[in-house]
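Have a look at the structure below before the remarks.
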Protein chains: 4
Amino acid sequence: MNMPEGDDVVVVLKDGATSRQIANVAARIEQMGCQARISEGKERTVIGVLGNGRQLDWDKIEGMAGVEGIAAVDAPFKRASRDFSPQDTLVRVNGLTIGGEQLVVMAGPCSVESREQLLETARAVKQCGAHVLRGGAYKPRTSPYSFQGLGEEGLRILAEAREETGLPVVTEVMEPHTVPLVTTFADIVQIGARNMQNYALLHAVGEAQRPVLLKRGMMSTIQELLMSAEYILSHGNDKVILCERGIRSFDSATRNTLDLTAVALLKQLSHLPVVVDPSHATGKWELVEPMSRAAVAAGADGLLIEVHPHPEEALSDGPQSLKPDRFASLMAGLRPLAKAIGRTL
Amino acid sequence: MNMPEGDDVVVVLKDGATSRQIANVAARIEQMGCQARISEGKERTVIGVLGNGRQLDWDKIEGMAGVEGIAAVDAPFKRASRDFSPQDTLVRVNGLTIGGEQLVVMAGPCSVESREQLLETARAVKQCGAHVLRGGAYKPRTSPYSFQGLGEEGLRILAEAREETGLPVVTEVMEPHTVPLVTTFADIVQIGARNMQNYALLHAVGEAQRPVLLKRGMMSTIQELLMSAEYILSHGNDKVILCERGIRSFDSATRNTLDLTAVALLKQLSHLPVVVDPSHATGKWELVEPMSRAAVAAGADGLLIEVHPHPEEALSDGPQSLKPDRFASLMAGLRPLAKAIGRTL
Amino acid sequence: MNMPEGDDVVVVLKDGATSRQIANVAARIEQMGCQARISEGKERTVIGVLGNGRQLDWDKIEGMAGVEGIAAVDAPFKRASRDFSPQDTLVRVNGLTIGGEQLVVMAGPCSVESREQLLETARAVKQCGAHVLRGGAYKPRTSPYSFQGLGEEGLRILAEAREETGLPVVTEVMEPHTVPLVTTFADIVQIGARNMQNYALLHAVGEAQRPVLLKRGMMSTIQELLMSAEYILSHGNDKVILCERGIRSFDSATRNTLDLTAVALLKQLSHLPVVVDPSHATGKWELVEPMSRAAVAAGADGLLIEVHPHPEEALSDGPQSLKPDRFASLMAGLRPLAKAIGRTL
Amino acid sequence: MNMPEGDDVVVVLKDGATSRQIANVAARIEQMGCQARISEGKERTVIGVLGNGRQLDWDKIEGMAGVEGIAAVDAPFKRASRDFSPQDTLVRVNGLTIGGEQLVVMAGPCSVESREQLLETARAVKQCGAHVLRGGAYKPRTSPYSFQGLGEEGLRILAEAREETGLPVVTEVMEPHTVPLVTTFADIVQIGARNMQNYALLHAVGEAQRPVLLKRGMMSTIQELLMSAEYILSHGNDKVILCERGIRSFDSATRNTLDLTAVALLKQLSHLPVVVDPSHATGKWELVEPMSRAAVAAGADGLLIEVHPHPEEALSDGPQSLKPDRFASLMAGLRPLAKAIGRTL
């Protein structure tokens, strides 16, 4: 047969294939020196083959009971592709599941500015029903003269807030050599939009054992986003959450242009969870609530929302931050909407 | 007092102003040679002043009972501005109201291709609950060698379909001198994206007595869209419906980039109804349903959806057209969503 | 043989084909009811066939002396394609040739504001060596409340300036029904960027007998520009001059983003002359001189430059207008540059 | 007086200030604990003040002989601003000067693929008159499955080519921890477009003592480019060369959209040298020559050009690479052009 190359191959099972048959095929693949990743999709079960497929005896596998055939993954992204894994990936963080029926809301300030500010915000968002606390300890700023974040002190404050509220923490990592430090404190590490194609950093978080929230670059196509996810997946970390946060366009009426079609398209092309950041996308707090609703209706698995107790004093992103009472009202408005489309909040 | 210029002025009424007081102020403005447009918003009632405000005796008006003060309209668009008219504009077409609680769905083929094709589609979309029939008789095509539409024959077919189904008809007009012809047949005339800044055409429909569906140019800012609406309004036609249909960006994963934030922003800046065209925006029928949901959640007052009984044979835009059964399923999915956000379908 | 369709066909002549042979082939094509357009390129002579090619007896033509073969034009634009006409098109206006060795500079104010302003500018640009006088009588303005041009009076003033200075005149036409009026006064009619896809207008100037300056839309692709040229050419007017005037991008540091690569690419894809408008592209007079130089170096056949005697008082586009003395210095700087690349000014 | 903050201040000297007066002022600033950077511009001499300006006794300085006054630097970028340093910065590399009268051409393959390939190319570009050898040892690739460069082996091959040809070498660095290694081998380190806002990397090269070629991100504004330069300058490295390499737009006719206006604007806003990469900008070798000419005419101080002896076999960027003979012809064509605008090549 025409032997496909390693990372591009899936074994497609027959409709009525039994669990035992599936397990047998997977075992055979592993005996031959590759990894097998079973994915039970709604329409069919497939086994993705990781490793050097050239060493496999494909004719043997094709002849096994329950096997329908062998197929190549067409997209340039392989492990990120829904062809490779038809079943939705569920990312689990401290008992929370991202990518399932439940919508996940990650809320908090742009930057950790002080212990008081963060704890006050953490309590407020917890009370409103947020599931994850967000806050930046390392801040990528356009100007070298702007506030650059509290660094390790910020990480400690985040950990303290988790201790008190029970909320897992997501925070950004900016360079490979701080990945070990950040993953010590954070439950989810964030790759910011400016670093979406910082391949050394993708490599580093690909080797870490923490879920990664990968933000789309403001200049990046959907395919490039999936290729960057592929960097992380191909280095061994399959807990990747994609994030749409607005792209650049010609119109300056909003900070960025939120591309919600990307959400629906990513859910079709990939099995990875997709969340939306309407705060950075719009840059205006008045637009965060309608865009949160729209994101959920478009099929997003969660939201990233900036909340600050005193936006007018924020060291960064004040104009796009919600006060806690407005965040509470946003959450209240989302619940019936979630229910109407078969999800929970 | 510092006398503001004509079109830029609104008279703001006091909180407890009586209907009689409001009527008196309006009458005085008209006596002085300007037009008065009363708008009862949720927060305040204002009277927009049209015409040469310089001739008004502002001190007299400011002193009248019930008047809080005189204010300039800050935005470069005046009559399109929510400052000028805080109350939502309701556009009425054959008993249908656009811009109110009820969502309005306009559906049909990209082009009128034949009597059979259009009637078949009209019956199908009617049965699924569409409110308006769309279909192009004059088609702006990038190539002079592509199908350019059936012209007047297409208009007659549309009128026949209206006769049979009772659905009002929206169709595009491409040049000033065909405005009288098109308005004879159409209930709503559409200005296409490529013509958003065709000022002679805006002028012509501004003088017609038909509602106008104004599509955002694929290269146009939100402010430019409102300025084009202002051209129509300033020529005397205040029945303008704005339409977001996707803008151009660097990513070719979809035909255009649907800018749903524009919907929320337009509803804040203007009193005009806003509808969304997810078919042209995405260019892919698989994305039309999720983007329809997202548009409604973002606050759109309606949708424009391409439906074709046989998309694979369509003379234009086949890949983005829904078959009737998928359109039915889209409509069914929208109903609970509409309800969840306090609207009806 | 596989008979190609009419507008897509060229007859390619052999290397040593004689003038008589070429004339014979052209005559045969015309006898058969099509039009023949002979084009002697540097590398080969071809005859473009206009009209319904299906009626031609292709086997006969293929067998004629001097004929190498028959070829289809691959691009979606046919008559605008260099395959169709390898030889550069030269547009002649009152003794001036556009598209040849000589660079052509069209200069003048954005708008005709008054007789005095225009005559003063016309004399100044004439003295500096400009070849064509530009000035808008009909102005497409984003706002209905901005100065819309002097209309027919502006046309008369332009004609007077031509009378006095001998400079041919280029001015914009905005709607089909004013094409006869504008072509009475103008030597070249301009289609503005906003109207690049106003097909009724392209049709109208396609039937007029005046050279057309077709500006690229600010978010139009190069292919779309050539398709719009094709509309004009296919309606019978082959005197089309293409104009790059900047496209929209995400950066607001300049008014638009001048796409000079478009110039080189258009010269490869098409035989039509290409000019550049650095004034609208940059929006800043300080950048007009370096961008004029760059345009010429990129291969442009001419420039469109805004000059105003008193930019600070201009009714439109003051910040991008050069004073006459700066325009003189720009012209002086261009001369050695033109010479260095084998052109004259 | 109103005391300005440290990094934002320049001391402006009087027209007739003597060298001794200037030296005295600089010495006084340094005595007070700041650094003084003297810049003799065409119009005036200024002294930029680095360090904490708050500790300076501004009244004393303002009163010194030859001082005209103290001024703030208005732009958000300070040390990169022409206000801060009116005089052009000249970057010196192994006897070569970048930013002066002489144009500098950096040529070579996209990637170092083998010893033979690089040496062959190096000899060829040297013979054609190139001044610097370019070649990537570390390659940022969209896909994790594409060739990622030879790494350290590539650096050694580059050094060998320098040894043989005498050409200094420019090569990309992708992560902070390889900066020491790359600067051991390279004469100029390149920050690629994807890393323009990789602040940890900017910090690292800011502390290195090698000239830095900073490429503009493909969707970065001109101001953002200057802010990234500011990161490098503010960490102590003032040998920064800016590079325009095309931005993303909606048109896919070329790989990117070369923004030559950026060159003229950068030269106005900043004192840093600016070079242009027409190979990446256009993605097509046929367009490299006209765009090289246009770049030089726009005021670029140099060019970055991809040359490969066998483009059809290149592991990356073959379609945009010139063969040596075409590169020779490009260089020959540039010489008269350079001369016409007062530069040498």
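Residues are named by chain letter and number: chains run A, B, ... in the order of the structure tokens, numbers start at 1 in each chain, and ligands are numbered from 1 in the order shown.
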Rows by chain and residue number, chain B within 7 Å of chain C, shortest pair, only C-alpha atoms, as CSV:
residue,atom,partner,partner_atom,distance
B:Pro140,CA,C:Tyr199,CA,6.9
B:Thr142,CA,C:Met227,CA,6.3
B:Ser143,CA,C:Met227,CA,5.7
B:Pro144,CA,C:Tyr231,CA,5.4
B:Glu175,CA,C:Ala200,CA,6.4
B:Arg194,CA,C:Gln197,CA,6.1
B:Asn195,CA,C:Asn198,CA,6.6
B:Gln197,CA,C:Arg194,CA,6.1
B:Asn198,CA,C:Asn195,CA,6.6
B:Tyr199,CA,C:Pro140,CA,6.9
B:Ala200,CA,C:Glu175,CA,6.3
B:Met219,CA,C:Met219,CA,5.5
B:Glu224,CA,C:Thr142,CA,6.7
B:Met227,CA,C:Ser143,CA,5.7
B:Tyr231,CA,C:Pro144,CA,5.4
Limited to N, CA and C atoms, could you put the picked residues into a file as a PDB file, in the first residue's frame?
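This went into result38.pdb:
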ATOM      1  N   PRO B 140     -24.405  43.195  -8.854  1.00  0.00           N
ATOM      2  CA  PRO B 140     -23.063  43.760  -9.069  1.00  0.00           C
ATOM      3  C   PRO B 140     -22.051  42.631  -9.059  1.00  0.00           C
ATOM      4  N   THR B 142     -18.097  41.196  -9.984  1.00  0.00           N
ATOM      5  CA  THR B 142     -16.715  41.619 -10.209  1.00  0.00           C
ATOM      6  C   THR B 142     -16.333  41.522 -11.686  1.00  0.00           C
ATOM      7  N   SER B 143     -16.828  40.507 -12.369  1.00  0.00           N
ATOM      8  CA  SER B 143     -16.463  40.318 -13.772  1.00  0.00           C
ATOM      9  C   SER B 143     -17.589  40.739 -14.707  1.00  0.00           C
ATOM     10  N   PRO B 144     -17.247  41.458 -15.799  1.00  0.00           N
ATOM     11  CA  PRO B 144     -18.288  41.817 -16.762  1.00  0.00           C
ATOM     12  C   PRO B 144     -18.828  40.595 -17.498  1.00  0.00           C
ATOM     13  N   GLU B 175     -28.199  51.793  -9.573  1.00  0.00           N
ATOM     14  CA  GLU B 175     -27.899  53.093 -10.167  1.00  0.00           C
ATOM     15  C   GLU B 175     -29.083  54.031  -9.985  1.00  0.00           C
ATOM     16  N   ARG B 194     -20.716  47.420  -2.245  1.00  0.00           N
ATOM     17  CA  ARG B 194     -19.857  48.159  -3.173  1.00  0.00           C
ATOM     18  C   ARG B 194     -20.374  49.569  -3.432  1.00  0.00           C
ATOM     19  N   ASN B 195     -21.639  49.807  -3.170  1.00  0.00           N
ATOM     20  CA  ASN B 195     -22.234  51.117  -3.441  1.00  0.00           C
ATOM     21  C   ASN B 195     -22.461  51.956  -2.194  1.00  0.00           C
ATOM     22  N   GLN B 197     -20.765  54.012  -0.734  1.00  0.00           N
ATOM     23  CA  GLN B 197     -20.370  55.413  -0.880  1.00  0.00           C
ATOM     24  C   GLN B 197     -20.623  55.922  -2.301  1.00  0.00           C
ATOM     25  N   ASN B 198     -21.631  55.363  -2.946  1.00  0.00           N
ATOM     26  CA  ASN B 198     -22.095  55.867  -4.240  1.00  0.00           C
ATOM     27  C   ASN B 198     -23.110  56.967  -3.915  1.00  0.00           C
ATOM     28  N   TYR B 199     -22.603  58.190  -3.798  1.00  0.00           N
ATOM     29  CA  TYR B 199     -23.427  59.249  -3.204  1.00  0.00           C
ATOM     30  C   TYR B 199     -24.622  59.624  -4.061  1.00  0.00           C
ATOM     31  N   ALA B 200     -24.476  59.524  -5.380  1.00  0.00           N
ATOM     32  CA  ALA B 200     -25.611  59.827  -6.247  1.00  0.00           C
ATOM     33  C   ALA B 200     -26.746  58.838  -5.974  1.00  0.00           C
ATOM     34  N   MET B 219     -14.961  47.701   3.083  1.00  0.00           N
ATOM     35  CA  MET B 219     -13.775  48.473   3.432  1.00  0.00           C
ATOM     36  C   MET B 219     -14.147  49.690   4.280  1.00  0.00           C
ATOM     37  N   GLU B 224     -18.127  55.664   8.780  1.00  0.00           N
ATOM     38  CA  GLU B 224     -18.465  55.898   7.372  1.00  0.00           C
ATOM     39  C   GLU B 224     -19.841  55.317   7.031  1.00  0.00           C
ATOM     40  N   MET B 227     -22.256  57.778   8.224  1.00  0.00           N
ATOM     41  CA  MET B 227     -22.255  58.963   7.362  1.00  0.00           C
ATOM     42  C   MET B 227     -23.042  58.686   6.077  1.00  0.00           C
ATOM     43  N   TYR B 231     -26.483  60.548   4.582  1.00  0.00           N
ATOM     44  CA  TYR B 231     -26.822  61.029   3.241  1.00  0.00           C
ATOM     45  C   TYR B 231     -28.293  60.733   2.933  1.00  0.00           C
TER      46      TYR B 231
END
Tell me which protein, DNA and RNA residues are within 9 Å of range 118-123 of chain D, counting only C-alpha atoms, leaving out same-chain ones fewer than 6 positions away, and put them as a compact mmCIF listing (two decimals) with all heavy atoms, in the first residue's frame.
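Written file, around.txt:
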# COMPACT_ATOMS: atom_id res chain seq x y z
N ALA D 107 22.96 40.23 1.41
CA ALA D 107 22.40 39.23 0.51
C ALA D 107 22.83 37.83 0.93
O ALA D 107 23.84 37.64 1.59
CB ALA D 107 22.86 39.52 -0.92
N GLY D 108 22.02 36.88 0.53
CA GLY D 108 22.32 35.48 0.85
C GLY D 108 21.04 34.67 0.89
O GLY D 108 19.95 35.20 0.64
N PRO D 109 21.16 33.40 1.24
CA PRO D 109 19.99 32.54 1.22
C PRO D 109 19.11 32.76 2.45
O PRO D 109 19.56 33.30 3.45
CB PRO D 109 20.59 31.14 1.27
CG PRO D 109 21.86 31.31 2.03
CD PRO D 109 22.37 32.68 1.65
N SER D 111 17.85 30.31 4.33
CA SER D 111 18.42 29.41 5.34
C SER D 111 19.80 28.95 4.92
O SER D 111 20.06 28.73 3.74
CB SER D 111 17.57 28.14 5.46
OG SER D 111 16.24 28.42 5.72
N VAL D 112 20.66 28.76 5.92
CA VAL D 112 21.89 28.01 5.67
C VAL D 112 21.48 26.55 5.57
O VAL D 112 20.94 25.98 6.53
CB VAL D 112 22.89 28.20 6.83
CG1 VAL D 112 24.17 27.42 6.55
CG2 VAL D 112 23.18 29.67 7.06
N LEU D 133 26.70 39.34 4.35
CA LEU D 133 26.13 38.02 4.01
C LEU D 133 24.99 37.70 4.97
O LEU D 133 25.16 37.78 6.18
CB LEU D 133 27.22 36.95 4.14
CG LEU D 133 26.77 35.50 3.91
CD1 LEU D 133 26.30 35.28 2.48
CD2 LEU D 133 27.90 34.52 4.27
N ARG D 134 23.83 37.36 4.43
CA ARG D 134 22.72 36.97 5.29
C ARG D 134 22.47 35.46 5.15
O ARG D 134 22.78 34.87 4.12
CB ARG D 134 21.44 37.73 4.96
CG ARG D 134 20.94 37.59 3.54
CD ARG D 134 19.43 37.72 3.50
NE ARG D 134 18.85 36.58 4.17
CZ ARG D 134 17.64 36.52 4.69
NH1 ARG D 134 16.86 37.56 4.62
NH2 ARG D 134 17.20 35.43 5.28
N GLY D 135 21.88 34.88 6.18
CA GLY D 135 21.58 33.45 6.13
C GLY D 135 21.08 33.02 7.51
O GLY D 135 21.62 33.42 8.53
N ILE D 157 29.14 27.57 9.84
CA ILE D 157 29.29 27.70 8.39
C ILE D 157 29.31 29.17 7.98
O ILE D 157 30.11 29.60 7.14
CB ILE D 157 28.15 26.94 7.66
CG1 ILE D 157 28.28 25.43 7.95
CG2 ILE D 157 28.19 27.20 6.17
CD1 ILE D 157 27.09 24.61 7.45
N LEU D 158 28.45 29.96 8.62
CA LEU D 158 28.44 31.41 8.34
C LEU D 158 29.80 32.02 8.67
O LEU D 158 30.33 32.85 7.92
CB LEU D 158 27.34 32.10 9.16
CG LEU D 158 25.91 31.90 8.64
CD1 LEU D 158 24.89 32.30 9.70
CD2 LEU D 158 25.68 32.73 7.36
N GLU D 160 32.64 30.59 8.70
CA GLU D 160 33.62 30.16 7.71
C GLU D 160 33.50 31.00 6.43
O GLU D 160 34.51 31.39 5.84
CB GLU D 160 33.41 28.67 7.38
CG GLU D 160 34.50 28.13 6.46
CD GLU D 160 34.24 26.66 6.06
OE1 GLU D 160 33.43 25.98 6.77
OE2 GLU D 160 34.82 26.22 5.05
N ALA D 161 32.26 31.27 6.04
CA ALA D 161 32.04 32.09 4.84
C ALA D 161 32.59 33.50 5.04
O ALA D 161 33.15 34.10 4.13
CB ALA D 161 30.56 32.13 4.49
N ARG D 162 32.44 34.03 6.24
CA ARG D 162 33.00 35.36 6.53
C ARG D 162 34.51 35.32 6.41
O ARG D 162 35.13 36.20 5.83
CB ARG D 162 32.59 35.81 7.93
CG ARG D 162 33.31 37.10 8.34
CD ARG D 162 32.90 37.52 9.74
NE ARG D 162 33.01 36.39 10.64
CZ ARG D 162 32.33 36.25 11.76
NH1 ARG D 162 31.46 37.18 12.12
NH2 ARG D 162 32.49 35.19 12.53
N GLU D 164 36.30 33.45 4.64
CA GLU D 164 36.76 33.36 3.25
C GLU D 164 36.51 34.63 2.45
O GLU D 164 37.35 35.08 1.68
CB GLU D 164 36.06 32.18 2.56
CG GLU D 164 36.62 31.96 1.15
CD GLU D 164 35.87 30.91 0.35
OE1 GLU D 164 35.49 29.87 0.92
OE2 GLU D 164 35.63 31.18 -0.85
N THR D 165 35.31 35.22 2.64
CA THR D 165 34.93 36.35 1.77
C THR D 165 35.20 37.71 2.39
O THR D 165 35.20 38.71 1.69
CB THR D 165 33.42 36.30 1.46
OG1 THR D 165 32.70 36.39 2.71
CG2 THR D 165 33.04 35.02 0.74
N LEU D 167 33.07 39.14 4.18
CA LEU D 167 31.76 39.79 4.39
C LEU D 167 31.29 39.58 5.84
O LEU D 167 31.28 38.45 6.32
CB LEU D 167 30.70 39.17 3.48
CG LEU D 167 30.86 39.38 1.97
CD1 LEU D 167 29.75 38.61 1.23
CD2 LEU D 167 30.79 40.85 1.62
N VAL D 307 19.25 35.50 -2.03
CA VAL D 307 19.92 34.96 -3.22
C VAL D 307 20.19 33.49 -2.95
O VAL D 307 20.62 33.12 -1.85
CB VAL D 307 21.25 35.71 -3.48
CG1 VAL D 307 21.98 35.11 -4.68
CG2 VAL D 307 20.99 37.20 -3.69
N HIS D 308 19.91 32.66 -3.93
CA HIS D 308 20.14 31.22 -3.78
C HIS D 308 20.63 30.70 -5.12
O HIS D 308 20.07 31.06 -6.16
CB HIS D 308 18.83 30.53 -3.39
CG HIS D 308 19.01 29.14 -2.86
ND1 HIS D 308 19.37 28.08 -3.65
CD2 HIS D 308 18.90 28.65 -1.60
CE1 HIS D 308 19.47 26.98 -2.90
NE2 HIS D 308 19.19 27.29 -1.64
N PRO D 309 21.67 29.88 -5.11
CA PRO D 309 22.18 29.39 -6.41
C PRO D 309 21.17 28.50 -7.14
O PRO D 309 21.18 28.45 -8.36
CB PRO D 309 23.45 28.61 -6.04
CG PRO D 309 23.39 28.38 -4.57
CD PRO D 309 22.49 29.41 -3.98
N PRO D 324 22.09 34.10 -8.74
CA PRO D 324 23.20 35.07 -8.73
C PRO D 324 23.23 36.01 -9.93
O PRO D 324 23.50 37.20 -9.78
CB PRO D 324 24.44 34.18 -8.66
CG PRO D 324 23.97 32.98 -7.89
CD PRO D 324 22.55 32.75 -8.37
Fewer than 5 positions away in the same chain doesn't count, so skip those; otherwise give me all residues within 7 Å of range 24-36 of chain C, counting only C-alpha atoms, as a compact mmCIF listing (two decimals) with all heavy atoms, in the first residue's frame.
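File part.txt, as written:
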# COMPACT_ATOMS: atom_id res chain seq x y z
N ILE C 47 -2.47 38.65 -31.98
CA ILE C 47 -3.69 39.36 -32.37
C ILE C 47 -4.79 38.94 -31.41
O ILE C 47 -5.15 37.75 -31.33
CB ILE C 47 -4.11 39.02 -33.81
CG1 ILE C 47 -2.96 39.36 -34.77
CG2 ILE C 47 -5.38 39.77 -34.20
CD1 ILE C 47 -3.25 38.98 -36.22
N GLY C 48 -5.29 39.88 -30.62
CA GLY C 48 -6.40 39.60 -29.74
C GLY C 48 -7.69 39.59 -30.53
O GLY C 48 -7.88 40.41 -31.43
N VAL C 49 -8.57 38.65 -30.21
CA VAL C 49 -9.82 38.53 -30.96
C VAL C 49 -10.98 38.98 -30.08
O VAL C 49 -11.21 38.41 -29.01
CB VAL C 49 -10.05 37.07 -31.40
CG1 VAL C 49 -11.36 36.94 -32.16
CG2 VAL C 49 -8.87 36.60 -32.26
N LEU C 50 -11.69 40.01 -30.53
CA LEU C 50 -12.84 40.51 -29.79
C LEU C 50 -14.11 40.11 -30.53
O LEU C 50 -14.17 40.16 -31.75
CB LEU C 50 -12.80 42.04 -29.70
CG LEU C 50 -11.54 42.64 -29.11
CD1 LEU C 50 -11.66 44.15 -29.08
CD2 LEU C 50 -11.32 42.11 -27.70
N GLY C 51 -15.10 39.75 -29.75
CA GLY C 51 -16.37 39.34 -30.38
C GLY C 51 -16.60 37.87 -30.17
O GLY C 51 -15.85 37.22 -29.43
N ASN C 52 -17.60 37.32 -30.78
CA ASN C 52 -17.96 35.93 -30.55
C ASN C 52 -17.06 34.99 -31.35
O ASN C 52 -17.30 34.71 -32.51
CB ASN C 52 -19.43 35.71 -30.93
CG ASN C 52 -19.85 34.30 -30.59
OD1 ASN C 52 -19.04 33.48 -30.14
ND2 ASN C 52 -21.11 34.00 -30.83
N LEU C 56 -15.84 31.79 -35.53
CA LEU C 56 -14.63 31.74 -36.35
C LEU C 56 -14.31 30.31 -36.76
O LEU C 56 -14.58 29.36 -36.03
CB LEU C 56 -13.44 32.32 -35.58
CG LEU C 56 -13.50 33.82 -35.27
CD1 LEU C 56 -12.15 34.29 -34.78
CD2 LEU C 56 -13.92 34.63 -36.49
N ILE C 61 -7.70 29.64 -39.64
CA ILE C 61 -6.76 30.65 -39.15
C ILE C 61 -5.46 30.00 -38.69
O ILE C 61 -4.37 30.50 -38.97
CB ILE C 61 -7.43 31.46 -38.00
CG1 ILE C 61 -8.52 32.33 -38.62
CG2 ILE C 61 -6.41 32.31 -37.26
CD1 ILE C 61 -9.44 32.98 -37.64
Could you pull the residues within 10 Å of Gln21 in chain C, counting only C-alpha atoms, minus those fewer than 4 positions along the same chain, as a PDB file with N, CA and C atoms, in the first residue's frame?
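Result went into part36.pdb, see below:
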ATOM      1  N   LEU C  13       1.583  34.932 -33.417  1.00  0.00           N
ATOM      2  CA  LEU C  13       2.292  34.876 -34.690  1.00  0.00           C
ATOM      3  C   LEU C  13       3.675  34.278 -34.509  1.00  0.00           C
ATOM      4  N   LYS C  14       4.212  33.715 -35.596  1.00  0.00           N
ATOM      5  CA  LYS C  14       5.576  33.178 -35.561  1.00  0.00           C
ATOM      6  C   LYS C  14       6.580  34.316 -35.455  1.00  0.00           C
ATOM      7  N   GLY C  16       9.193  35.120 -37.222  1.00  0.00           N
ATOM      8  CA  GLY C  16       9.547  35.862 -38.423  1.00  0.00           C
ATOM      9  C   GLY C  16       8.358  36.319 -39.270  1.00  0.00           C
ATOM     10  N   ALA C  17       7.169  36.345 -38.666  1.00  0.00           N
ATOM     11  CA  ALA C  17       5.978  36.694 -39.455  1.00  0.00           C
ATOM     12  C   ALA C  17       6.140  38.089 -40.059  1.00  0.00           C
ATOM     13  N   VAL C  25      -3.949  37.871 -41.507  1.00  0.00           N
ATOM     14  CA  VAL C  25      -4.654  37.155 -40.440  1.00  0.00           C
ATOM     15  C   VAL C  25      -5.715  38.066 -39.820  1.00  0.00           C
ATOM     16  N   ALA C  26      -5.321  39.314 -39.583  1.00  0.00           N
ATOM     17  CA  ALA C  26      -6.270  40.249 -38.986  1.00  0.00           C
ATOM     18  C   ALA C  26      -7.482  40.436 -39.899  1.00  0.00           C
ATOM     19  N   ALA C  27      -7.214  40.560 -41.188  1.00  0.00           N
ATOM     20  CA  ALA C  27      -8.305  40.772 -42.141  1.00  0.00           C
ATOM     21  C   ALA C  27      -9.258  39.580 -42.134  1.00  0.00           C
ATOM     22  N   MET C  64      -3.002  29.503 -41.496  1.00  0.00           N
ATOM     23  CA  MET C  64      -2.515  30.627 -42.313  1.00  0.00           C
ATOM     24  C   MET C  64      -1.010  30.842 -42.137  1.00  0.00           C
ATOM     25  N   ALA C  65      -0.411  31.417 -43.141  1.00  0.00           N
ATOM     26  CA  ALA C  65       1.027  31.670 -43.106  1.00  0.00           C
ATOM     27  C   ALA C  65       1.363  32.635 -41.966  1.00  0.00           C
ATOM     28  N   GLY C  66       2.391  32.315 -41.209  1.00  0.00           N
ATOM     29  CA  GLY C  66       2.852  33.199 -40.140  1.00  0.00           C
ATOM     30  C   GLY C  66       2.223  32.904 -38.794  1.00  0.00           C
ATOM     31  N   VAL C  67       1.214  32.048 -38.766  1.00  0.00           N
ATOM     32  CA  VAL C  67       0.532  31.782 -37.489  1.00  0.00           C
ATOM     33  C   VAL C  67       1.238  30.652 -36.746  1.00  0.00           C
TER      34      VAL C  67
END
Please identify the strand (DSSP E or B) residues within range 102-136 of chain B (assignment by DSSP from backbone atoms) and present them as a ChimeraX atom specification. /B:102,104-108,111,132-134,136
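Proximity to Glu153 in chain D was assessed for D:Gly166, D:Ala281, D:Gln127, D:Phe185 counting only C-alpha atoms; the smallest distance is recorded for D:Phe185.
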For CA of Cys110 in chain A and CA of Ser316 in chain A, the interatomic separation in Å (one decimal): 6.5 Å
Selected residue of minimal separation from Gly100 in chain A among A:Arg293, A:Arg156, A:Lys323, A:Arg343, counting only C-alpha atoms: A:Arg343
